[in-house]
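Beneath this line is the structure, given in structure tokens, with notes to follow.
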Protein chains: 2
Amino acid sequence: MKKTILIYGLSLAVLVFLLEYFEYRYFVHELSTEVFVFLIALIFTGLGLWAGKKLTNQTKIEPPPFEQNEKAIRYLKISERELEVLELVAQGFSNKQISDKLFVSVNTTKTHLSHLYEKLDVKRRTQAVEKAKSLKLIE
Amino acid sequence: MKKTILIYGLSLAVLVFLLEYFEYRYFVHELSTEVFVFLIALIFTGLGLWAGKKLTNQTKIEPPPFEQNEKAIRYLKISERELEVLELVAQGFSNKQISDKLFVSVNTTKTHLSHLYEKLDVKRRTQAVEKAKSLKLIE
DNA sequence: TCAGGCGTCACCCGAAAGTATGATTTTGCA
DNA sequence: TGCAAAATCATACTTTCGGGTGACGCCTGA
């Protein structure tokens with residue numbers, strides 16, 4: 001961004017200088033004023049386009065900066081632990097695998113899941129994942 | 001797009017004409033050539049930026065035009081029916097619900113799913129959904 | 001015509017998931 | 001300090017999933 005502006009400024013300065021110089025020396029006698037103005041317009045249009053592209057591209061590179069919908073999480077009263085379980089479910093892990101990762105029993109995992117289903121108002125894990133993603137509770 | 005170009009062209013023509021006119025009439029005597037050139041540069045830079053923004057915005061409005069990865073589907077030899085089942089699974093439906101939607105028995109749905117798991121190299125429906133989405137087999 | 005893929009269905013069995021209920025411990029906070 | 005929410009675990013039971021196997025009809029390409 002800063003670099004783009006700097007380059008643009010320098011180009012502008014150099015071009016103005018050069019044009020001024022050549023205008024006095026040669027062109028003004030050979031080229032009509034219309035052509036001279038047209039050239040300047042053309043050059044600076046190009047520079048404008050280029051600078052514009054640079055500046056907008058900068059903001060286009062990073063498109064998906066996932067931001068968790070914390071409001072929804074709080075509103076649905078989903079706890080930390082439940083969210084952890086939810087994330088693992090979304091990654092396709094079984095209850096057993098989740099239990100091992102979280103160092104708890106399968107029963108505990110199932111309890112968390114039951115609570116989640118209730119809060120999300122769903123019946124199955126796949127629905128929970130679907131809903132959680134649409135609500136941006138998880139990525 | 002066409003409209004933008006047209007507007008730009010017209011603006012350019014009008015501005016050149018006006019500048020020429022005023023140059024001859026008044027300004028050339030009051031303003032230095034440097035200032036004149038600077039003004040033209042400024043105006044056309046602005047126009048360039050504006051046109052550039054218009055042109056790039058056009059291509060930025062439609063960002064997520066989901067295109068199914070048909071190559072992957074063919075490569076994995078996933079059939080039509082299997083894909084239908086997969087989509088419904090991804091929407092969180094149970095085997096029974098899917099069977100009802102497709103007017104087949106639960107057994108048939110299960111058979112399709114078994115084949116899918118094999119082809120996707122997964123063990124559970126949640127994993128299948130996860131993988132299918134990452135491969136863009138489904139939305 | 002015949003093999004092979006696809007779609008359909010069935011039956012069985014075990015594993016995984018989900019429901020219901022209750023209990024204990026931890027912990028944050030009023 | 002004491003209460004409520006959260007986290008943990010258990011037991012028992014039902015439902016859903018998933019694997020394995022086999023079967024039948026249809027269609028297509030070799």
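Following the order of the structure tokens, first chain is A, next is B, and so on, with residues numbered from 1 inside each chain and ligands from 1 in the order they appear.
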
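The interface of chain A with chain C at 10 Å, considering only C-alpha atoms (C1' of nucleotides), consists of Ser94, Asn95, Lys96, Lys110, Thr111, Leu113, Ser114, Tyr117, Lys123, Arg124 and Arg125 of chain A.
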
Limited to all heavy atoms, could you put the picked residues into a file as a tab-separated table (two decimals), in the first residue's frame?
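again_11.tsv, freshly written:
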```tsv
chain	number	residue	atom	x	y	z
A	94	SER	N	-15.32	-40.21	16.00
A	94	SER	CA	-16.36	-40.95	16.72
A	94	SER	C	-16.37	-40.50	18.17
A	94	SER	O	-15.44	-39.87	18.65
A	94	SER	CB	-16.08	-42.45	16.66
A	94	SER	OG	-14.94	-42.76	17.44
A	95	ASN	N	-17.43	-40.86	18.88
A	95	ASN	CA	-17.51	-40.50	20.30
A	95	ASN	C	-16.31	-41.03	21.07
A	95	ASN	O	-15.76	-40.36	21.93
A	95	ASN	CB	-18.81	-41.04	20.90
A	95	ASN	CG	-20.01	-40.27	20.39
A	95	ASN	OD1	-19.88	-39.21	19.79
A	95	ASN	ND2	-21.19	-40.81	20.65
A	96	LYS	N	-15.92	-42.24	20.72
A	96	LYS	CA	-14.78	-42.86	21.40
A	96	LYS	C	-13.51	-42.04	21.16
A	96	LYS	O	-12.77	-41.74	22.10
A	96	LYS	CB	-14.60	-44.29	20.87
A	96	LYS	CG	-13.46	-45.06	21.51
A	96	LYS	CD	-13.79	-45.44	22.94
A	96	LYS	CE	-12.63	-46.16	23.63
A	96	LYS	NZ	-11.43	-45.33	23.80
A	110	LYS	N	-20.99	-38.19	25.39
A	110	LYS	CA	-22.38	-38.33	24.99
A	110	LYS	C	-23.27	-37.32	25.72
A	110	LYS	O	-24.23	-36.77	25.14
A	110	LYS	CB	-22.87	-39.76	25.24
A	110	LYS	CG	-22.32	-40.73	24.22
A	110	LYS	CD	-22.38	-42.16	24.70
A	110	LYS	CE	-23.63	-42.86	24.24
A	110	LYS	NZ	-23.60	-44.31	24.55
A	111	THR	N	-22.95	-37.08	26.97
A	111	THR	CA	-23.72	-36.07	27.72
A	111	THR	C	-23.56	-34.70	27.08
A	111	THR	O	-24.54	-33.99	26.85
A	111	THR	CB	-23.23	-36.01	29.18
A	111	THR	OG1	-23.35	-37.30	29.76
A	111	THR	CG2	-24.05	-35.02	29.98
A	113	LEU	N	-22.82	-34.05	24.09
A	113	LEU	CA	-23.52	-34.05	22.81
A	113	LEU	C	-25.03	-33.90	22.99
A	113	LEU	O	-25.68	-33.16	22.25
A	113	LEU	CB	-23.20	-35.34	22.04
A	113	LEU	CG	-21.94	-35.26	21.19
A	113	LEU	CD1	-21.65	-36.60	20.52
A	113	LEU	CD2	-22.09	-34.17	20.13
A	114	SER	N	-25.55	-34.59	23.98
A	114	SER	CA	-26.99	-34.45	24.24
A	114	SER	C	-27.37	-33.00	24.50
A	114	SER	O	-28.35	-32.49	23.96
A	114	SER	CB	-27.39	-35.29	25.45
A	114	SER	OG	-27.27	-36.67	25.16
A	117	TYR	N	-27.24	-31.06	21.27
A	117	TYR	CA	-28.40	-31.31	20.41
A	117	TYR	C	-29.60	-30.51	20.88
A	117	TYR	O	-30.35	-29.94	20.08
A	117	TYR	CB	-28.74	-32.80	20.37
A	117	TYR	CG	-27.65	-33.66	19.79
A	117	TYR	CD1	-27.57	-35.02	20.10
A	117	TYR	CD2	-26.69	-33.14	18.93
A	117	TYR	CE1	-26.57	-35.82	19.57
A	117	TYR	CE2	-25.69	-33.94	18.40
A	117	TYR	CZ	-25.63	-35.27	18.73
A	117	TYR	OH	-24.65	-36.05	18.22
A	123	LYS	N	-31.29	-33.44	16.14
A	123	LYS	CA	-31.40	-34.81	16.64
A	123	LYS	C	-30.14	-35.64	16.40
A	123	LYS	O	-29.90	-36.63	17.09
A	123	LYS	CB	-32.57	-35.52	15.94
A	123	LYS	CG	-33.93	-35.01	16.35
A	123	LYS	CD	-34.31	-35.51	17.74
A	123	LYS	CE	-35.70	-35.04	18.16
A	123	LYS	NZ	-35.98	-35.37	19.57
A	124	ARG	N	-29.37	-35.26	15.39
A	124	ARG	CA	-28.22	-36.06	15.01
A	124	ARG	C	-26.97	-35.21	14.88
A	124	ARG	O	-27.04	-34.01	14.66
A	124	ARG	CB	-28.48	-36.74	13.67
A	124	ARG	CG	-28.96	-38.17	13.76
A	124	ARG	CD	-29.43	-38.64	12.42
A	124	ARG	NE	-30.64	-37.94	12.03
A	124	ARG	CZ	-31.83	-38.17	12.59
A	124	ARG	NH1	-31.95	-39.05	13.54
A	124	ARG	NH2	-32.89	-37.50	12.19
A	125	ARG	N	-25.83	-35.87	14.97
A	125	ARG	CA	-24.56	-35.15	14.91
A	125	ARG	C	-24.36	-34.43	13.58
A	125	ARG	O	-23.82	-33.33	13.54
A	125	ARG	CB	-23.40	-36.09	15.19
A	125	ARG	CG	-23.39	-37.35	14.33
A	125	ARG	CD	-22.13	-38.13	14.55
A	125	ARG	NE	-21.97	-38.48	15.94
A	125	ARG	CZ	-20.82	-38.47	16.60
A	125	ARG	NH1	-19.73	-38.13	15.96
A	125	ARG	NH2	-20.75	-38.79	17.85
```

Task: Check: which chain D residues lie within 8 Å of chain A using only C-alpha atoms (C1' of nucleotides), as number ranges by chain - done: D: 6, 8-10

Selection from above, C-alpha atoms (C1' of nucleotides), as a PDB file, in the first residue's frame, can you write it?
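Result written to selection-v5.pdb:
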```
ATOM      1  C1'  DA D   6     -20.609 -26.846  34.234  1.00  0.00           C
ATOM      2  C1'  DT D   8     -17.679 -35.508  34.988  1.00  0.00           C
ATOM      3  C1'  DC D   9     -19.244 -40.402  35.125  1.00  0.00           C
ATOM      4  C1'  DA D  10     -22.431 -44.325  35.314  1.00  0.00           C
TER       5       DA D  10
END
```
